[in-house]
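Listing of coords-v9.tsv; format and content: TSV, N, CA and C atoms.
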```tsv
chain	number	residue	atom	x	y	z
A	1	MET	N	93.68	91.26	86.97
A	1	MET	CA	93.74	92.69	87.18
A	1	MET	C	94.77	93.29	86.22
A	2	SER	N	94.42	94.47	85.68
A	2	SER	CA	95.37	95.13	84.81
A	2	SER	C	95.52	96.58	85.26
A	3	GLY	N	96.69	97.14	85.03
A	3	GLY	CA	96.95	98.51	85.43
A	3	GLY	C	97.30	98.59	86.91
A	4	PRO	N	97.56	99.82	87.37
A	4	PRO	CA	97.96	100.01	88.77
A	4	PRO	C	96.90	99.54	89.75
A	5	VAL	N	97.37	99.07	90.90
A	5	VAL	CA	96.48	98.61	91.96
A	5	VAL	C	96.64	99.56	93.15
A	6	VAL	N	95.52	99.99	93.70
A	6	VAL	CA	95.51	100.89	94.85
A	6	VAL	C	95.24	100.07	96.10
A	7	SER	N	96.07	100.25	97.13
A	7	SER	CA	95.90	99.55	98.40
A	7	SER	C	96.01	100.54	99.54
A	8	SER	N	95.17	100.37	100.55
A	8	SER	CA	95.24	101.22	101.74
A	8	SER	C	96.51	100.95	102.50
A	9	ALA	N	97.13	102.00	102.99
A	9	ALA	CA	98.31	101.88	103.84
A	9	ALA	C	97.84	101.85	105.30
A	10	PRO	N	98.59	101.17	106.16
A	10	PRO	CA	98.19	101.12	107.56
A	10	PRO	C	98.30	102.49	108.24
A	11	VAL	N	97.42	102.73	109.19
A	11	VAL	CA	97.46	103.94	110.00
A	11	VAL	C	97.53	103.51	111.47
A	12	LEU	N	97.96	104.42	112.32
A	12	LEU	CA	98.07	104.09	113.74
A	12	LEU	C	96.71	104.03	114.42
A	13	ASP	N	95.82	104.93	114.01
A	13	ASP	CA	94.47	104.96	114.58
A	13	ASP	C	93.58	105.74	113.63
A	14	GLU	N	92.29	105.53	113.73
A	14	GLU	CA	91.36	106.28	112.91
A	14	GLU	C	90.01	106.41	113.60
A	15	LEU	N	89.36	107.52	113.32
A	15	LEU	CA	88.01	107.78	113.81
A	15	LEU	C	87.17	108.09	112.59
A	16	VAL	N	86.20	107.22	112.30
A	16	VAL	CA	85.38	107.35	111.10
A	16	VAL	C	84.00	107.84	111.51
A	17	GLY	N	83.51	108.84	110.79
A	17	GLY	CA	82.17	109.38	111.04
A	17	GLY	C	81.42	109.56	109.74
A	18	GLU	N	80.27	110.22	109.84
A	18	GLU	CA	79.43	110.45	108.66
A	18	GLU	C	80.07	111.38	107.64
A	19	ASP	N	80.97	112.25	108.10
A	19	ASP	CA	81.57	113.26	107.23
A	19	ASP	C	82.99	112.91	106.82
A	20	GLY	N	83.40	111.66	106.97
A	20	GLY	CA	84.75	111.26	106.60
A	20	GLY	C	85.46	110.63	107.78
A	21	ALA	N	86.74	110.93	107.91
A	21	ALA	CA	87.53	110.31	108.97
A	21	ALA	C	88.69	111.21	109.37
A	22	VAL	N	89.22	110.92	110.54
A	22	VAL	CA	90.45	111.52	111.01
A	22	VAL	C	91.38	110.35	111.28
A	23	VAL	N	92.59	110.38	110.71
A	23	VAL	CA	93.52	109.27	110.89
A	23	VAL	C	94.82	109.78	111.50
A	24	LEU	N	95.44	108.93	112.27
A	24	LEU	CA	96.73	109.22	112.90
A	24	LEU	C	97.78	108.40	112.18
A	25	VAL	N	98.79	109.07	111.63
A	25	VAL	CA	99.84	108.39	110.87
A	25	VAL	C	101.20	108.72	111.46
A	26	SER	N	102.15	107.83	111.27
A	26	SER	CA	103.54	108.10	111.65
A	26	SER	C	104.10	109.13	110.70
A	27	HIS	N	104.90	110.03	111.25
A	27	HIS	CA	105.51	111.07	110.41
A	27	HIS	C	106.87	111.39	110.99
A	28	GLY	N	107.92	110.91	110.34
A	28	GLY	CA	109.26	111.13	110.86
A	28	GLY	C	109.40	110.53	112.25
A	29	ASN	N	109.77	111.34	113.21
A	29	ASN	CA	109.93	110.87	114.59
A	29	ASN	C	108.67	111.06	115.42
A	30	GLY	N	107.59	111.51	114.78
A	30	GLY	CA	106.37	111.78	115.53
A	30	GLY	C	105.14	111.23	114.84
A	31	HIS	N	104.05	111.94	115.05
A	31	HIS	CA	102.76	111.54	114.48
A	31	HIS	C	102.12	112.76	113.83
A	32	ARG	N	101.18	112.47	112.96
A	32	ARG	CA	100.46	113.52	112.26
A	32	ARG	C	99.00	113.09	112.14
A	33	VAL	N	98.09	114.04	112.29
A	33	VAL	CA	96.66	113.79	112.13
A	33	VAL	C	96.25	114.30	110.76
A	34	VAL	N	95.51	113.47	110.01
A	34	VAL	CA	95.05	113.83	108.67
A	34	VAL	C	93.53	113.69	108.63
A	35	ARG	N	92.87	114.72	108.15
A	35	ARG	CA	91.41	114.71	108.00
A	35	ARG	C	91.08	114.24	106.59
A	36	LEU	N	90.19	113.26	106.49
A	36	LEU	CA	89.78	112.72	105.19
A	36	LEU	C	88.32	113.05	104.91
A	37	SER	N	88.03	113.39	103.67
A	37	SER	CA	86.65	113.58	103.24
A	37	SER	C	85.97	112.21	103.16
A	38	VAL	N	84.68	112.24	102.89
A	38	VAL	CA	83.95	110.99	102.68
A	38	VAL	C	84.57	110.22	101.52
A	39	LEU	N	84.92	110.93	100.44
A	39	LEU	CA	85.54	110.27	99.29
A	39	LEU	C	86.87	109.64	99.67
A	40	GLY	N	87.71	110.36	100.37
A	40	GLY	CA	89.01	109.82	100.78
A	40	GLY	C	88.87	108.58	101.65
A	41	GLN	N	87.95	108.64	102.60
A	41	GLN	CA	87.74	107.47	103.47
A	41	GLN	C	87.16	106.30	102.69
A	42	MET	N	86.26	106.58	101.76
A	42	MET	CA	85.67	105.50	100.96
A	42	MET	C	86.74	104.85	100.09
A	43	ILE	N	87.64	105.64	99.53
A	43	ILE	CA	88.73	105.06	98.74
A	43	ILE	C	89.55	104.13	99.62
A	44	ARG	N	89.90	104.56	100.83
A	44	ARG	CA	90.68	103.71	101.74
A	44	ARG	C	89.92	102.42	102.08
A	45	GLU	N	88.62	102.51	102.32
A	45	GLU	CA	87.82	101.32	102.64
A	45	GLU	C	87.78	100.35	101.46
A	46	VAL	N	87.50	100.88	100.27
A	46	VAL	CA	87.39	100.03	99.07
A	46	VAL	C	88.74	99.40	98.73
A	47	ALA	N	89.82	100.12	99.02
A	47	ALA	CA	91.16	99.64	98.66
A	47	ALA	C	91.82	98.81	99.77
A	48	ALA	N	91.07	98.43	100.78
A	48	ALA	CA	91.64	97.68	101.91
A	48	ALA	C	92.38	96.43	101.45
A	49	ASP	N	91.84	95.73	100.48
A	49	ASP	CA	92.46	94.50	99.99
A	49	ASP	C	93.11	94.69	98.62
A	50	GLY	N	93.19	95.94	98.16
A	50	GLY	CA	93.74	96.24	96.85
A	50	GLY	C	92.65	96.20	95.79
A	51	ILE	N	92.66	97.20	94.92
A	51	ILE	CA	91.67	97.28	93.84
A	51	ILE	C	92.34	97.95	92.65
A	52	PRO	N	92.10	97.45	91.44
A	52	PRO	CA	92.68	98.11	90.27
A	52	PRO	C	92.16	99.55	90.16
A	53	LEU	N	93.03	100.46	89.85
A	53	LEU	CA	92.64	101.86	89.69
A	53	LEU	C	91.55	101.98	88.63
A	54	SER	N	91.61	101.15	87.61
A	54	SER	CA	90.61	101.20	86.53
A	54	SER	C	89.22	100.80	87.00
A	55	THR	N	89.10	100.08	88.10
A	55	THR	CA	87.82	99.63	88.64
A	55	THR	C	87.30	100.55	89.74
A	56	LEU	N	88.20	101.27	90.37
A	56	LEU	CA	87.87	102.07	91.54
A	56	LEU	C	86.78	103.09	91.27
A	57	GLY	N	86.84	103.79	90.15
A	57	GLY	CA	85.84	104.81	89.84
A	57	GLY	C	84.43	104.25	89.80
A	58	ALA	N	84.25	103.11	89.16
A	58	ALA	CA	82.92	102.51	89.06
A	58	ALA	C	82.39	102.11	90.43
A	59	VAL	N	83.25	101.58	91.28
A	59	VAL	CA	82.84	101.19	92.63
A	59	VAL	C	82.44	102.42	93.43
A	60	LEU	N	83.20	103.50	93.31
A	60	LEU	CA	82.88	104.72	94.05
A	60	LEU	C	81.57	105.34	93.57
A	61	VAL	N	81.33	105.35	92.26
A	61	VAL	CA	80.07	105.88	91.73
A	61	VAL	C	78.91	105.04	92.25
A	62	GLU	N	79.09	103.73	92.31
A	62	GLU	CA	78.04	102.84	92.82
A	62	GLU	C	77.71	103.17	94.28
A	63	ARG	N	78.73	103.47	95.08
A	63	ARG	CA	78.52	103.72	96.51
A	63	ARG	C	78.16	105.16	96.85
A	64	LEU	N	78.71	106.11	96.09
A	64	LEU	CA	78.53	107.52	96.45
A	64	LEU	C	77.71	108.33	95.45
A	65	GLY	N	77.47	107.77	94.26
A	65	GLY	CA	76.78	108.52	93.21
A	65	GLY	C	77.79	109.19	92.30
A	66	SER	N	77.31	109.75	91.20
A	66	SER	CA	78.18	110.39	90.21
A	66	SER	C	78.64	111.76	90.70
A	67	PRO	N	79.89	112.11	90.40
A	67	PRO	CA	80.38	113.45	90.76
A	67	PRO	C	79.79	114.50	89.83
A	68	ALA	N	80.01	115.76	90.17
A	68	ALA	CA	79.45	116.87	89.39
A	68	ALA	C	80.00	116.91	87.96
A	69	GLY	N	81.28	116.60	87.79
A	69	GLY	CA	81.90	116.66	86.47
A	69	GLY	C	81.79	115.35	85.72
A	70	PRO	N	82.08	115.38	84.42
A	70	PRO	CA	81.97	114.18	83.60
A	70	PRO	C	83.18	113.24	83.70
A	71	ASP	N	84.30	113.72	84.23
A	71	ASP	CA	85.52	112.93	84.23
A	71	ASP	C	85.72	112.19	85.55
A	72	VAL	N	85.00	111.10	85.74
A	72	VAL	CA	85.08	110.32	86.97
A	72	VAL	C	86.49	109.77	87.16
A	73	GLU	N	87.05	109.19	86.12
A	73	GLU	CA	88.37	108.58	86.24
A	73	GLU	C	89.43	109.61	86.61
A	74	GLY	N	89.35	110.79	86.03
A	74	GLY	CA	90.30	111.85	86.35
A	74	GLY	C	90.17	112.31	87.79
A	75	ALA	N	88.92	112.46	88.26
A	75	ALA	CA	88.69	112.87	89.64
A	75	ALA	C	89.19	111.82	90.63
A	76	VAL	N	88.98	110.56	90.30
A	76	VAL	CA	89.44	109.47	91.17
A	76	VAL	C	90.97	109.45	91.20
A	77	ARG	N	91.60	109.62	90.06
A	77	ARG	CA	93.07	109.62	90.00
A	77	ARG	C	93.64	110.75	90.86
A	78	VAL	N	93.05	111.94	90.78
A	78	VAL	CA	93.52	113.07	91.59
A	78	VAL	C	93.37	112.75	93.08
A	79	ALA	N	92.24	112.19	93.48
A	79	ALA	CA	92.01	111.84	94.88
A	79	ALA	C	92.99	110.77	95.35
A	80	VAL	N	93.22	109.76	94.53
A	80	VAL	CA	94.15	108.68	94.89
A	80	VAL	C	95.57	109.23	95.01
A	81	GLU	N	95.97	110.10	94.09
A	81	GLU	CA	97.31	110.68	94.15
A	81	GLU	C	97.49	111.54	95.40
A	82	ALA	N	96.44	112.26	95.81
A	82	ALA	CA	96.51	113.06	97.04
A	82	ALA	C	96.65	112.15	98.26
A	83	LEU	N	95.90	111.06	98.28
A	83	LEU	CA	96.01	110.10	99.40
A	83	LEU	C	97.39	109.45	99.41
A	84	ALA	N	97.92	109.15	98.25
A	84	ALA	CA	99.26	108.55	98.17
A	84	ALA	C	100.31	109.53	98.67
A	85	ALA	N	100.16	110.82	98.36
A	85	ALA	CA	101.10	111.83	98.82
A	85	ALA	C	101.10	111.94	100.34
A	86	GLU	N	99.97	111.64	100.97
A	86	GLU	CA	99.86	111.65	102.43
A	86	GLU	C	100.30	110.32	103.05
A	87	GLY	N	100.61	109.33	102.20
A	87	GLY	CA	101.01	108.02	102.71
A	87	GLY	C	99.84	107.16	103.16
A	88	LEU	N	98.63	107.48	102.68
A	88	LEU	CA	97.44	106.74	103.12
A	88	LEU	C	97.01	105.63	102.18
A	89	VAL	N	97.51	105.64	100.96
A	89	VAL	CA	97.33	104.53	100.02
A	89	VAL	C	98.63	104.33	99.28
A	90	ALA	N	98.79	103.14	98.74
A	90	ALA	CA	99.93	102.82	97.90
A	90	ALA	C	99.40	102.49	96.51
A	91	ILE	N	100.14	102.90	95.49
A	91	ILE	CA	99.79	102.58	94.10
A	91	ILE	C	100.92	101.73	93.56
A	92	ALA	N	100.58	100.53	93.12
A	92	ALA	CA	101.62	99.60	92.66
A	92	ALA	C	101.18	98.93	91.36
A	93	ASP	N	102.17	98.53	90.58
A	93	ASP	CA	101.87	97.73	89.40
A	93	ASP	C	101.39	96.36	89.86
A	94	PRO	N	100.47	95.75	89.13
A	94	PRO	CA	100.00	94.42	89.53
A	94	PRO	C	101.13	93.40	89.39
A	95	PRO	N	101.05	92.32	90.16
A	95	PRO	CA	102.08	91.28	90.01
A	95	PRO	C	102.05	90.72	88.61
A	96	SER	N	103.21	90.43	88.06
A	96	SER	CA	103.26	89.87	86.71
A	96	SER	C	102.94	88.39	86.78
A	97	ARG	N	102.32	87.91	85.73
A	97	ARG	CA	101.99	86.48	85.65
A	97	ARG	C	103.15	85.74	85.04
A	98	ALA	N	103.52	84.65	85.65
A	98	ALA	CA	104.65	83.86	85.15
A	98	ALA	C	104.20	82.83	84.16
```

Taking this structure as input, can you express it in the form of structure tokens?
Amino acid sequence: MSGPVVSSAPVLDELVGEDGAVVLVSHGNGHRVVRLSVLGQMIREVAADGIPLSTLGAVLVERLGSPAGPDVEGAVRVAVEALAAEGLVAIADPPSRA
């Protein structure tokens, strides 16, 4: 694997449906509910065991079809960064090879 790796972060609970998901996350001293689109939930599912960011776009296109715009990688990066800002995925450098 090369480049950043995206991994799903644990949540307290989740309800997944046809239109995405609702997840319950820890937030400070309490909890917060976050609504995810189909794309957001699919990213979390695909990234359950970690996936290179460079591969994620192709996997999402295979599962969901092509987005309206030509910049798949850019759209995926924006979605991943939004999920990371909510604490729902982690983006890390891959482990170095010794």

query = as a PyMOL selection string, which residues of range 27-77 of chain A does DSSP assign to strand (DSSP E)?
reply = chain A and resi 27+30-36+51-52

message = Using only C-alpha atoms, which protein or nucleic acid residues come within 10 Å of Gln41 in chain A? Drop anything in the same chain fewer than 4 positions from it, and give the result as a ChimeraX atom specification.
response = /A:8,16-17,19-23,35-37,45-47,83,88

For CA of Gly30 in chain A and CA of Gly50 in chain A, the interatomic separation in Å (one decimal) = 27.4 Å

query = Counting only C-alpha atoms, what is within 12 Å of Glu62 in chain A, bar same-chain residues fewer than 4 positions away, as a ChimeraX atom specification?
reply = /A:42,46,55-58,66-67,72

request  = Within 12 Å of Asp49 in chain A, counting only C-alpha atoms, which residues show up once you throw out same-chain ones fewer than 2 positions away? Write them as an MDAnalysis selection string, please.
outcome  = chainID A and resid 5:10 43:47 51:52 89:90

inquiry  = To test your reading of the structure, identify every residue in chain A that backbone DSSP assigns to alpha helix (DSSP H), and report it as a PyMOL selection string.
reply    = chain A and resi 38-46+53-64+72-85

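Using only C-alpha atoms, the smallest distance between any of A:Ala68, A:Glu73, A:Gly87, A:Ser54 and Ser26 in chain A comes from A:Gly87.
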
key: Counting all atoms listed in the file, the residue of A:Gly3, A:Pro70, A:Glu18, A:Leu12 that sits nearest Val38 in chain A   = A:Glu18

Top pick for closest residue to Glu81 in chain A, considering A:Leu53, A:Leu15, A:Val33, A:Leu60 and counting only C-alpha atoms =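 Using only C-alpha atoms, Glu81 in chain A sits closest to A:Leu53.
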
query = Which distance in Å separates CA of His31 in chain A and atom N of Asp13 in chain A, to one decimal?
reply =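 Atom-to-atom, CA of His31 in chain A and atom N of Asp13 in chain A are spaced 9.6 Å apart.
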